[in-house]
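Text of run.txt (compact mmCIF, C-alpha atoms) as supplied:
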```txt
# COMPACT_ATOMS: atom_id res chain seq x y z
CA MET E 1 30.21 16.48 -36.47
CA THR E 2 28.25 16.55 -33.17
CA GLN E 3 28.46 19.88 -31.38
CA PRO E 4 29.74 19.72 -27.79
CA LEU E 5 27.18 20.45 -25.07
CA LEU E 6 27.26 23.93 -23.60
CA GLU E 7 28.20 24.18 -19.93
CA SER E 8 24.62 25.21 -19.10
CA GLU E 9 23.33 22.10 -20.84
CA LEU E 10 25.45 19.93 -18.55
CA GLU E 11 23.66 21.22 -15.47
CA PRO E 12 20.99 18.81 -14.25
CA ARG E 13 17.37 19.87 -14.41
CA TYR E 14 14.85 18.56 -11.91
CA LEU E 15 11.29 17.28 -12.24
CA TYR E 16 8.79 17.04 -9.40
CA VAL E 17 5.74 14.81 -9.97
CA HIS E 18 2.55 14.76 -7.91
CA THR E 19 -0.23 12.35 -8.87
CA PHE E 20 -3.88 12.47 -7.83
CA GLY E 21 -6.39 9.72 -8.49
CA CYS E 22 -6.35 6.33 -10.14
CA GLN E 23 -3.67 3.83 -11.12
CA MET E 24 -3.97 4.92 -14.74
CA ASN E 25 -2.79 8.36 -13.63
CA GLU E 26 0.10 6.69 -11.79
CA TYR E 27 0.99 4.93 -15.04
CA ASP E 28 0.84 8.18 -17.03
CA SER E 29 3.06 9.89 -14.46
CA LEU E 30 5.65 7.14 -14.91
CA ARG E 31 5.45 7.74 -18.67
CA VAL E 32 6.14 11.44 -18.11
CA GLN E 33 9.16 10.65 -15.93
CA ARG E 34 10.58 8.40 -18.65
CA ILE E 35 9.86 10.87 -21.46
CA LEU E 36 11.40 13.83 -19.63
CA ALA E 37 14.41 11.76 -18.55
CA ALA E 38 15.30 11.70 -22.26
CA HIS E 39 15.18 15.52 -22.16
CA GLY E 40 17.67 15.64 -19.29
CA TYR E 41 15.37 15.80 -16.26
CA LEU E 42 16.03 14.00 -12.99
CA VAL E 43 13.14 13.25 -10.64
CA THR E 44 13.33 15.04 -7.29
CA PRO E 45 11.18 14.61 -4.16
CA ASP E 46 11.81 18.29 -3.31
CA MET E 47 9.26 20.57 -4.99
CA VAL E 48 11.22 23.71 -4.08
CA SER E 49 14.29 22.62 -6.07
CA ALA E 50 12.30 21.58 -9.17
CA ASP E 51 12.60 23.23 -12.57
CA VAL E 52 9.37 21.56 -13.71
CA ILE E 53 6.36 20.56 -11.60
CA PHE E 54 4.03 18.02 -13.18
CA LEU E 55 0.59 17.53 -11.62
CA ASN E 56 -1.52 14.61 -12.82
CA THR E 57 -5.11 15.19 -11.80
CA CYS E 58 -8.40 13.39 -11.09
CA SER E 59 -11.95 14.69 -11.44
CA VAL E 60 -13.90 11.49 -10.79
CA ARG E 61 -15.17 13.01 -7.52
CA GLU E 62 -15.68 16.62 -6.52
CA LYS E 63 -13.35 16.32 -3.52
CA ALA E 64 -10.48 15.11 -5.73
CA GLU E 65 -10.95 18.10 -8.05
CA GLN E 66 -10.98 20.51 -5.12
CA LYS E 67 -7.67 19.09 -3.91
CA VAL E 68 -6.14 19.83 -7.32
CA HIS E 69 -7.29 23.45 -7.29
CA SER E 70 -5.99 23.93 -3.75
CA PHE E 71 -2.59 22.41 -4.57
CA LEU E 72 -2.29 24.48 -7.75
CA GLY E 73 -3.15 27.65 -5.87
CA ARG E 74 -0.33 27.04 -3.38
CA LEU E 75 2.19 26.91 -6.23
CA LYS E 76 1.68 30.59 -7.08
CA ARG E 77 3.99 31.73 -4.28
CA LEU E 78 6.66 29.19 -5.25
CA LYS E 79 6.57 30.44 -8.85
CA SER E 80 6.98 34.04 -7.68
CA HIS E 81 10.29 33.05 -6.05
CA HIS E 82 11.35 30.90 -9.00
CA PRO E 83 10.13 32.64 -12.21
CA GLY E 84 11.82 30.04 -14.44
CA LEU E 85 9.73 27.24 -12.94
CA LYS E 86 7.36 25.56 -15.41
CA ILE E 87 4.11 24.12 -14.05
CA ILE E 88 2.28 21.45 -16.05
CA LEU E 89 -1.25 20.22 -15.27
CA ALA E 90 -2.42 16.97 -16.87
CA GLY E 91 -5.11 14.34 -16.41
CA CYS E 92 -8.88 14.49 -16.08
CA VAL E 93 -9.19 17.99 -14.59
CA ALA E 94 -7.02 19.27 -17.44
CA GLN E 95 -9.22 17.54 -20.02
CA GLN E 96 -12.39 18.80 -18.35
CA LEU E 97 -11.44 22.48 -17.94
CA GLY E 98 -8.74 23.11 -20.57
CA ASN E 99 -8.14 26.80 -21.25
CA LYS E 100 -10.26 27.80 -18.25
CA LEU E 101 -7.36 26.68 -16.06
CA LEU E 102 -4.94 29.03 -17.82
CA LYS E 103 -7.35 31.91 -17.22
CA ARG E 104 -7.86 31.06 -13.55
CA PHE E 105 -4.23 30.30 -12.68
CA ASP E 106 -1.86 32.77 -14.34
CA HIS E 107 1.17 30.87 -13.00
CA LEU E 108 0.19 27.69 -14.87
CA ASP E 109 2.24 27.12 -18.04
CA LEU E 110 0.93 24.01 -19.77
CA VAL E 111 -2.39 22.10 -19.67
CA LEU E 112 -2.26 18.57 -21.09
CA GLY E 113 -5.36 16.52 -21.85
CA THR E 114 -5.67 12.84 -20.96
CA ARG E 115 -4.53 11.83 -24.46
CA ALA E 116 -1.55 14.18 -24.68
CA ILE E 117 1.03 12.53 -22.40
CA SER E 118 3.27 11.41 -25.27
CA ALA E 119 3.72 15.05 -26.35
CA VAL E 120 4.91 16.38 -22.99
CA GLY E 121 8.61 16.60 -23.92
CA ASP E 122 8.11 18.55 -27.14
CA LEU E 123 5.50 20.85 -25.61
CA LEU E 124 7.71 21.60 -22.60
CA GLU E 125 10.53 22.62 -24.92
CA LYS E 126 8.10 24.79 -26.89
CA ILE E 127 6.87 26.79 -23.90
CA GLN E 128 10.45 27.20 -22.66
CA GLN E 129 11.55 28.58 -26.01
CA THR E 130 8.53 30.82 -26.66
CA ASN E 131 7.60 31.62 -23.04
CA LYS E 132 3.97 31.25 -24.11
CA ARG E 133 1.39 29.33 -22.12
CA LEU E 134 -0.81 26.79 -23.86
CA ALA E 135 -3.41 24.03 -23.51
CA TYR E 136 -3.18 20.89 -25.65
CA LEU E 137 -6.24 18.65 -25.67
CA PRO E 138 -6.24 16.47 -28.81
CA GLU E 139 -9.35 14.51 -29.74
CA VAL E 140 -8.95 10.80 -29.08
CA ASP E 141 -10.28 9.83 -32.51
CA SER E 142 -7.48 11.77 -34.17
CA MET E 143 -4.72 9.88 -32.36
CA THR E 144 -2.97 6.63 -33.24
CA PRO E 145 -2.58 3.84 -30.65
CA ARG E 146 1.13 4.66 -30.50
CA GLU E 147 0.38 8.27 -29.50
CA LEU E 148 -2.18 7.11 -26.94
CA PHE E 149 -0.29 4.29 -25.29
CA THR E 150 3.43 4.02 -26.01
CA ALA E 151 5.60 4.20 -22.91
CA SER E 152 9.32 4.88 -23.04
CA PRO E 153 11.29 1.92 -21.64
CA ALA E 154 12.94 2.41 -18.27
CA ALA E 155 16.50 1.43 -17.42
CA THR E 156 15.29 -0.06 -14.15
CA SER E 157 11.80 -1.05 -13.11
CA PRO E 158 10.03 -1.61 -9.79
CA VAL E 159 9.09 -5.10 -8.67
CA THR E 160 5.47 -4.34 -9.57
CA ALA E 161 4.54 -2.11 -12.51
CA PRO E 162 1.36 -0.97 -14.30
CA VAL E 163 0.73 -1.42 -18.03
CA THR E 164 -2.20 0.29 -19.73
CA ILE E 165 -4.06 -1.93 -22.21
CA MET E 166 -6.98 0.37 -23.07
CA GLN E 167 -8.40 3.83 -22.43
CA GLY E 168 -11.87 5.27 -22.28
CA CYS E 169 -15.31 3.88 -21.52
CA ASN E 170 -18.52 3.26 -23.46
CA ASN E 171 -20.80 2.55 -20.49
CA PHE E 172 -21.91 6.07 -19.50
CA CYS E 173 -22.92 5.33 -15.92
CA THR E 174 -25.07 8.27 -14.91
CA TYR E 175 -22.73 9.42 -12.09
CA CYS E 176 -19.47 9.16 -14.04
CA ILE E 177 -17.36 11.74 -15.86
CA VAL E 178 -14.86 9.24 -17.31
CA PRO E 179 -16.33 8.90 -20.84
CA TYR E 180 -16.21 12.70 -21.16
CA VAL E 181 -12.59 13.14 -20.06
CA ARG E 182 -11.06 9.82 -21.22
CA GLY E 183 -13.18 9.37 -24.33
CA ARG E 184 -14.65 6.23 -25.84
CA GLU E 185 -12.97 2.83 -25.53
CA ARG E 186 -9.70 2.40 -27.42
CA SER E 187 -7.71 -0.83 -27.05
CA ARG E 188 -3.96 -1.13 -27.43
CA PRO E 189 -2.52 -3.68 -29.88
CA SER E 190 -1.50 -6.86 -28.09
CA ARG E 191 2.02 -6.86 -29.51
CA GLU E 192 2.73 -3.47 -27.89
CA ILE E 193 1.44 -4.75 -24.54
CA LEU E 194 3.57 -7.89 -24.71
CA ASP E 195 6.64 -5.91 -25.77
CA GLU E 196 6.25 -3.52 -22.82
CA ILE E 197 5.87 -6.42 -20.39
CA GLU E 198 8.98 -8.07 -21.83
CA LYS E 199 10.97 -4.83 -21.39
CA LEU E 200 9.77 -4.52 -17.81
CA THR E 201 10.62 -8.12 -16.88
CA SER E 202 14.07 -7.79 -18.44
CA CYS E 203 14.67 -4.82 -16.10
CA GLY E 204 13.48 -6.56 -12.92
CA THR E 205 9.68 -6.30 -12.82
CA ARG E 206 8.05 -9.44 -11.46
CA GLU E 207 4.38 -8.43 -11.34
CA VAL E 208 2.29 -6.38 -13.79
CA LEU E 209 -1.05 -4.69 -13.23
CA LEU E 210 -3.06 -4.37 -16.46
CA LEU E 211 -5.02 -1.10 -16.52
CA GLY E 212 -8.16 0.07 -18.25
CA GLN E 213 -11.52 1.64 -17.41
CA ASN E 214 -13.14 -1.69 -18.34
CA VAL E 215 -10.51 -4.30 -19.16
CA ASN E 216 -13.21 -6.93 -19.76
CA SER E 217 -14.06 -5.23 -23.05
CA TYR E 218 -10.45 -5.20 -24.27
CA GLY E 219 -10.02 -5.96 -27.97
CA ARG E 220 -13.17 -4.37 -29.32
CA GLY E 221 -12.34 -2.13 -32.28
CA LEU E 222 -8.86 -3.55 -32.88
CA GLU E 223 -7.92 -4.81 -36.33
CA GLU E 224 -6.64 -8.01 -34.74
CA LYS E 225 -9.22 -10.41 -33.37
CA ILE E 226 -8.39 -10.79 -29.69
CA SER E 227 -10.35 -10.83 -26.45
CA PHE E 228 -9.21 -10.00 -22.92
CA VAL E 229 -9.16 -13.71 -22.04
CA GLU E 230 -6.92 -14.40 -25.06
CA LEU E 231 -4.60 -11.57 -24.02
CA LEU E 232 -4.25 -13.10 -20.53
CA HIS E 233 -3.37 -16.48 -22.05
CA ARG E 234 -0.75 -14.89 -24.31
CA ILE E 235 0.86 -13.11 -21.36
CA GLN E 236 0.99 -16.45 -19.52
CA GLU E 237 2.57 -18.21 -22.50
CA GLU E 238 4.86 -15.53 -23.98
CA THR E 239 6.37 -13.63 -21.04
CA ASP E 240 8.46 -14.37 -17.94
CA LEU E 241 6.13 -12.68 -15.46
CA LEU E 242 5.76 -14.20 -12.02
CA ARG E 243 2.42 -12.54 -11.32
CA LEU E 244 -0.36 -10.74 -13.16
CA ARG E 245 -3.28 -8.63 -11.91
CA PHE E 246 -5.82 -6.42 -13.68
CA THR E 247 -8.29 -3.61 -12.96
CA THR E 248 -11.02 -2.48 -13.44
CA SER E 249 -13.68 -5.04 -14.43
CA HIS E 250 -17.30 -4.22 -15.16
CA PRO E 251 -19.64 -6.87 -13.69
CA LYS E 252 -21.90 -6.99 -16.74
CA ASP E 253 -18.92 -8.01 -18.91
CA LEU E 254 -17.48 -10.64 -16.54
CA THR E 255 -17.73 -13.84 -18.59
CA ASP E 256 -17.45 -17.47 -17.55
CA GLU E 257 -14.31 -17.69 -19.72
CA LEU E 258 -12.68 -14.90 -17.69
CA ILE E 259 -13.80 -16.48 -14.42
CA ARG E 260 -12.08 -19.73 -15.43
CA CYS E 261 -8.80 -17.87 -15.92
CA PHE E 262 -8.46 -17.58 -12.13
CA ALA E 263 -8.32 -21.37 -11.94
CA ASP E 264 -6.48 -22.08 -15.20
CA LEU E 265 -3.67 -19.47 -15.34
CA PRO E 266 -0.94 -19.85 -12.67
CA VAL E 267 0.41 -16.35 -13.43
CA LEU E 268 -2.94 -14.69 -12.60
CA CYS E 269 -3.29 -13.66 -8.96
CA LYS E 270 -6.32 -14.91 -7.07
CA TYR E 271 -7.79 -11.44 -6.67
CA LEU E 272 -10.46 -9.39 -8.43
CA HIS E 273 -11.70 -5.84 -8.00
CA LEU E 274 -15.34 -5.91 -9.14
CA PRO E 275 -17.18 -2.62 -8.51
CA VAL E 276 -20.81 -3.10 -7.48
CA GLN E 277 -21.61 0.57 -6.61
CA ALA E 278 -24.95 -0.29 -4.93
CA GLY E 279 -27.00 -3.21 -3.67
CA SER E 280 -30.41 -1.85 -4.69
CA ASP E 281 -31.77 -2.83 -8.11
CA ARG E 282 -33.63 0.48 -8.31
CA ILE E 283 -30.45 2.48 -7.75
CA LEU E 284 -28.39 0.26 -10.06
CA LYS E 285 -30.93 0.96 -12.83
CA ARG E 286 -30.73 4.72 -12.19
CA MET E 287 -26.95 4.42 -12.32
CA ASN E 288 -27.20 2.63 -15.71
CA ARG E 289 -25.01 -0.21 -14.48
CA GLY E 290 -26.57 -2.91 -16.66
CA TYR E 291 -27.04 -5.63 -14.00
CA THR E 292 -29.09 -6.39 -10.90
CA ALA E 293 -27.82 -7.23 -7.43
CA GLY E 294 -28.93 -10.82 -8.06
CA HIS E 295 -26.91 -11.09 -11.27
CA TYR E 296 -23.89 -9.64 -9.46
CA LEU E 297 -24.17 -12.16 -6.61
CA GLU E 298 -24.47 -15.04 -9.10
CA LYS E 299 -21.13 -14.00 -10.62
CA ILE E 300 -19.52 -13.77 -7.19
CA GLN E 301 -20.66 -17.33 -6.51
CA ARG E 302 -19.26 -18.56 -9.85
CA LEU E 303 -15.93 -16.87 -9.04
CA ARG E 304 -15.75 -18.62 -5.67
CA ASP E 305 -16.77 -21.95 -7.18
CA ALA E 306 -13.96 -21.67 -9.74
CA CYS E 307 -11.38 -20.29 -7.29
CA PRO E 308 -12.35 -20.74 -3.62
CA GLU E 309 -9.38 -18.68 -2.36
CA ILE E 310 -10.08 -15.63 -4.51
CA GLY E 311 -9.84 -12.25 -2.77
CA LEU E 312 -12.50 -9.68 -3.67
CA SER E 313 -12.75 -5.92 -3.41
CA SER E 314 -15.29 -3.45 -4.72
CA ASP E 315 -16.45 0.17 -5.04
CA VAL E 316 -19.63 1.54 -3.47
CA ILE E 317 -21.28 4.96 -3.80
CA VAL E 318 -23.61 5.99 -0.97
CA GLY E 319 -26.17 8.77 -1.17
CA PHE E 320 -26.92 8.50 -4.88
CA PRO E 321 -29.87 10.76 -5.85
CA GLY E 322 -33.12 9.17 -4.70
CA GLU E 323 -31.45 6.56 -2.47
CA THR E 324 -33.89 5.67 0.31
CA GLU E 325 -33.05 4.11 3.65
CA GLU E 326 -34.32 0.80 2.23
CA ASP E 327 -32.00 1.13 -0.80
CA PHE E 328 -29.06 1.79 1.52
CA GLN E 329 -29.89 -1.23 3.69
CA GLN E 330 -29.92 -3.39 0.57
CA THR E 331 -26.35 -2.25 -0.09
CA MET E 332 -25.42 -3.11 3.50
CA ASP E 333 -27.03 -6.53 3.07
CA LEU E 334 -24.98 -7.14 -0.09
CA LEU E 335 -21.77 -6.37 1.81
CA LYS E 336 -22.76 -8.87 4.49
CA THR E 337 -23.47 -11.49 1.85
CA VAL E 338 -20.31 -11.03 -0.25
CA GLN E 339 -17.86 -10.41 2.63
CA TYR E 340 -15.36 -8.37 0.61
CA ASP E 341 -11.72 -8.41 1.62
CA ASN E 342 -11.54 -4.67 0.99
CA LEU E 343 -13.86 -1.88 -0.12
CA PHE E 344 -13.47 1.59 -1.61
CA SER E 345 -16.50 3.69 -0.67
CA PHE E 346 -17.49 7.27 -1.41
CA ARG E 347 -20.28 9.81 -1.00
CA TYR E 348 -22.04 10.69 -4.24
CA SER E 349 -21.08 14.06 -5.74
CA ASP E 350 -22.29 15.74 -8.94
CA ARG E 351 -19.87 15.61 -11.86
CA PRO E 352 -19.99 17.82 -14.95
CA HIS E 353 -21.68 16.21 -17.99
CA ALA E 354 -22.85 13.17 -15.97
CA ARG E 355 -26.63 12.67 -16.23
CA ALA E 356 -27.15 12.25 -12.49
CA ALA E 357 -26.07 15.87 -11.96
CA ALA E 358 -29.50 16.84 -13.38
CA PHE E 359 -31.46 14.52 -11.08
CA ASP E 360 -33.58 16.59 -8.71
CA ASP E 361 -33.86 14.22 -5.73
CA LYS E 362 -30.45 14.85 -4.17
CA LEU E 363 -29.69 13.81 -0.60
CA ASP E 364 -28.36 16.18 2.02
CA GLU E 365 -24.70 15.93 3.04
CA GLU E 366 -25.52 14.89 6.60
CA THR E 367 -27.44 11.82 5.41
CA LYS E 368 -24.69 10.86 2.97
CA ALA E 369 -22.02 11.24 5.65
CA ARG E 370 -23.99 9.09 8.13
CA ARG E 371 -24.52 6.32 5.61
CA LEU E 372 -20.90 6.33 4.55
CA MET E 373 -19.78 6.04 8.17
CA GLU E 374 -22.14 3.11 8.79
CA LEU E 375 -21.02 1.32 5.64
CA GLN E 376 -17.31 1.82 6.35
CA ALA E 377 -17.75 0.59 9.94
CA LEU E 378 -19.39 -2.60 8.66
CA GLN E 379 -16.63 -3.18 6.12
CA ALA E 380 -13.88 -2.46 8.65
CA ASP E 381 -15.28 -5.23 10.85
CA ILE E 382 -15.47 -7.65 7.90
CA THR E 383 -11.92 -6.85 6.77
CA LEU E 384 -10.48 -7.28 10.26
CA ARG E 385 -12.20 -10.66 10.70
CA LYS E 386 -10.93 -11.80 7.29
CA ASN E 387 -7.40 -10.74 8.26
CA GLU E 388 -7.63 -12.49 11.63
CA ALA E 389 -8.62 -15.70 9.83
CA GLU E 390 -5.21 -15.55 8.09
CA VAL E 391 -3.28 -15.99 11.36
CA GLY E 392 -1.45 -19.31 11.35
CA THR E 393 -1.70 -19.83 7.58
CA LEU E 394 1.19 -20.12 5.12
CA ARG E 395 1.03 -17.58 2.29
CA GLU E 396 3.24 -17.00 -0.73
CA ILE E 397 4.11 -13.33 -1.14
CA LEU E 398 6.02 -11.32 -3.70
CA VAL E 399 8.53 -9.15 -1.80
CA GLU E 400 8.27 -5.53 -2.95
CA GLY E 401 10.92 -3.98 -0.70
CA PRO E 402 11.14 -2.09 2.61
CA SER E 403 7.89 -1.30 4.39
CA LYS E 404 6.75 2.31 4.03
CA THR E 405 5.64 2.44 7.65
CA GLN E 406 8.33 0.34 9.38
CA GLU E 407 11.70 0.65 7.67
CA GLU E 408 13.20 -2.30 9.56
CA LEU E 409 10.66 -4.62 7.94
CA LEU E 410 10.17 -5.84 4.39
CA THR E 411 6.76 -5.95 2.75
CA GLY E 412 4.99 -7.97 0.10
CA ARG E 413 1.53 -9.02 -1.04
CA THR E 414 -0.31 -12.31 -1.08
CA HIS E 415 -2.17 -13.55 -4.16
CA GLN E 416 -5.29 -12.03 -2.56
CA ASN E 417 -3.60 -8.60 -2.42
CA ARG E 418 -3.17 -8.59 1.36
CA ILE E 419 -0.13 -6.63 2.57
CA VAL E 420 2.29 -8.63 4.73
CA HIS E 421 5.18 -7.10 6.73
CA PHE E 422 8.00 -9.35 7.94
CA GLU E 423 11.61 -9.45 9.14
CA SER E 424 14.31 -11.01 6.99
CA THR E 425 17.97 -11.77 7.56
CA ARG E 426 18.77 -11.43 3.85
CA PRO E 427 17.78 -9.20 0.92
CA CYS E 428 14.92 -10.84 -0.97
CA THR E 429 13.21 -8.05 -2.90
CA GLY E 430 11.64 -9.39 -6.06
CA GLU E 431 11.45 -12.97 -4.78
CA LEU E 432 8.46 -15.17 -4.10
CA ILE E 433 8.73 -16.44 -0.54
CA THR E 434 6.44 -18.30 1.83
CA VAL E 435 5.57 -16.64 5.13
CA ARG E 436 3.62 -17.80 8.14
CA ILE E 437 1.09 -15.18 9.24
CA ARG E 438 1.51 -14.32 12.93
CA GLU E 439 -0.52 -11.13 13.49
CA ALA E 440 -3.49 -9.38 11.90
CA ALA E 441 -4.36 -5.68 11.86
CA SER E 442 -7.03 -3.63 10.12
CA HIS E 443 -5.08 -3.03 6.91
CA SER E 444 -2.17 -5.46 6.93
CA LEU E 445 -0.66 -8.67 8.30
CA LYS E 446 2.62 -9.52 9.99
CA GLY E 447 4.48 -12.76 9.38
CA GLU E 448 7.80 -14.53 9.31
CA PRO E 449 9.56 -16.49 6.57
CA ALA E 450 8.60 -20.16 6.77
CA ALA E 451 11.36 -22.72 7.18
```
Could I get this structure in the form of structure tokens?
Amino acid sequence: MTQPLLESELEPRYLYVHTFGCQMNEYDSLRVQRILAAHGYLVTPDMVSADVIFLNTCSVREKAEQKVHSFLGRLKRLKSHHPGLKIILAGCVAQQLGNKLLKRFDHLDLVLGTRAISAVGDLLEKIQQTNKRLAYLPEVDSMTPRELFTASPAATSPVTAPVTIMQGCNNFCTYCIVPYVRGRERSRPSREILDEIEKLTSCGTREVLLLGQNVNSYGRGLEEKISFVELLHRIQEETDLLRLRFTTSHPKDLTDELIRCFADLPVLCKYLHLPVQAGSDRILKRMNRGYTAGHYLEKIQRLRDACPEIGLSSDVIVGFPGETEEDFQQTMDLLKTVQYDNLFSFRYSDRPHARAAAFDDKLDEETKARRLMELQALQADITLRKNEAEVGTLREILVEGPSKTQEELLTGRTHQNRIVHFESTRPCTGELITVRIREAASHSLKGEPAA
């Protein structure tokens, strides 16, 4: 016979989640929320009232890692007032530093590596019962796909939701820490991906974002014979999704078959994030990117030939070791040629294990800051002009809900990933509606529902 719950077990326990970094970290944080919900935890936006604080961390850039250390340091005082509080650190910083974090931060209870998310519930119970701190960083090769990828189903889902299809990277770009903290490429069986999408759509999700360090190489190493293009076709044919996006793509693995998907698959949004990182062939070679600027531009042209309305965004690193003024101007010229809709740009910083950390021709911070400012100013002008060109057009958007900046407005995204705010006389979250664009700003558009 089942034993009745003790009165103390009926009291709700609260979980506070703070996520740094990429969309894969956002996905893992959602997994943690679902796993710990089964252990009786409710998510709270109030860190002070939490019984467990979960920090999901990023170490792709030095600044992101510094933010993690600063945030973790501020929690020491909170723990002194709430000794029963358990603090968990996960993600790339956890994988990179492991037990060193426990030594540096004596108020930290649990360190979880990038492959350990599925174990968070059992490990939390263990440290609560034993009151012993620990770090758990399993090797990726020792884990099954189920341990790496499985996400607990949610009772309700947002309009848009991420789904991880692979982890790790085999490219070893000389500036990048990802292969060292996420491991080598591991793909998730297609049936698990399709099942998760079906669960999400049954609970209200209308758009899915497929995640991986290099989704273009999906399928390699799986027992089943399947490519990324074949996975996209199966999602189109076997699920009820309204929209599908994916990130991130490596330019060297962008095939003509994948390019054709933007024209052939109605479910696939007309948008691609294709990181270029630099416009100089000399710097691209030092980065070990595996393509030239010319090859990259040829693929951009093939994308636009196949899908003239495609929206494009990219990543750029300025100030890579040895970057001359001429190299930087070649990057600026590439931006002028491509005319990205949006750009994510960063100053180079050394990362542990990455080969570029040992390069001896580093640039000074002043030069890197100046170049970043020039590049971002150029892109801001391009983005604004692209947004202004939208005024007067009709665009189909998926309504995501109330605007985060203007509560009286609703917000959604176009196929090209442009944010549109608008007024509505009726609830329409989760619907595809057509809006006429009336105003353009630097980062978003304003419109009204079309008759």
**OP:** Could you give me, as a PyMOL selection string, the residues within 9 Å of segment 335-341 of chain E, counting all atoms listed in the file and dropping anything in the same chain fewer than 3 positions from it?
**Re:** chain E and resi 279+297+300-301+311-314+330-332+375+378-379+382-384+386-387+416+418
Original post:
Looking at E:Leu398, E:Gln96, E:Ile437, E:Lys63, which one is nearest to Ile177 of chain E, with distances taken over all atoms listed in the file?
Top reply: E:Gln96
**OP:** Neighbourhood query: residues within 10 Å of (-23.8, -9.1, -10.8), file coordinates, counting all atoms listed in the file; return as a VMD selection string.
**Re:** chain E and resid 250 to 254 274 to 276 279 289 to 301
Neighbours of segment 26-32 of chain E within 9 Å (all atoms listed in the file; same-chain residues fewer than 3 positions away dropped), as a tab-separated table (two decimals) with C-alpha atoms, in the frame of the given file?
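This is the output file part-v3.tsv:
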```tsv
chain	number	residue	atom	x	y	z
E	17	VAL	CA	5.74	14.81	-9.97
E	18	HIS	CA	2.55	14.76	-7.91
E	19	THR	CA	-0.23	12.35	-8.87
E	20	PHE	CA	-3.88	12.47	-7.83
E	21	GLY	CA	-6.39	9.72	-8.49
E	22	CYS	CA	-6.35	6.33	-10.14
E	23	GLN	CA	-3.67	3.83	-11.12
E	35	ILE	CA	9.86	10.87	-21.46
E	36	LEU	CA	11.40	13.83	-19.63
E	37	ALA	CA	14.41	11.76	-18.55
E	54	PHE	CA	4.03	18.02	-13.18
E	55	LEU	CA	0.59	17.53	-11.62
E	56	ASN	CA	-1.52	14.61	-12.82
E	91	GLY	CA	-5.11	14.34	-16.41
E	114	THR	CA	-5.67	12.84	-20.96
E	117	ILE	CA	1.03	12.53	-22.40
E	118	SER	CA	3.27	11.41	-25.27
E	120	VAL	CA	4.91	16.38	-22.99
E	121	GLY	CA	8.61	16.60	-23.92
E	150	THR	CA	3.43	4.02	-26.01
E	151	ALA	CA	5.60	4.20	-22.91
E	152	SER	CA	9.32	4.88	-23.04
E	153	PRO	CA	11.29	1.92	-21.64
E	161	ALA	CA	4.54	-2.11	-12.51
E	162	PRO	CA	1.36	-0.97	-14.30
E	163	VAL	CA	0.73	-1.42	-18.03
E	164	THR	CA	-2.20	0.29	-19.73
E	211	LEU	CA	-5.02	-1.10	-16.52
```
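In this model, the gap between atom CA of Asn170 of chain E and atom CA of Glu185 of chain E comes to 5.9 Å.
In this model, the gap between atom CA of Val435 of chain E and atom CA of Leu265 of chain E comes to 22.6 Å.
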Original post:
Between E:Lys368, E:Thr429, E:Arg188, E:Glu407, which one has atoms that come closest to Glu224 of chain E, using all atoms listed in the file?
Top reply: E:Arg188
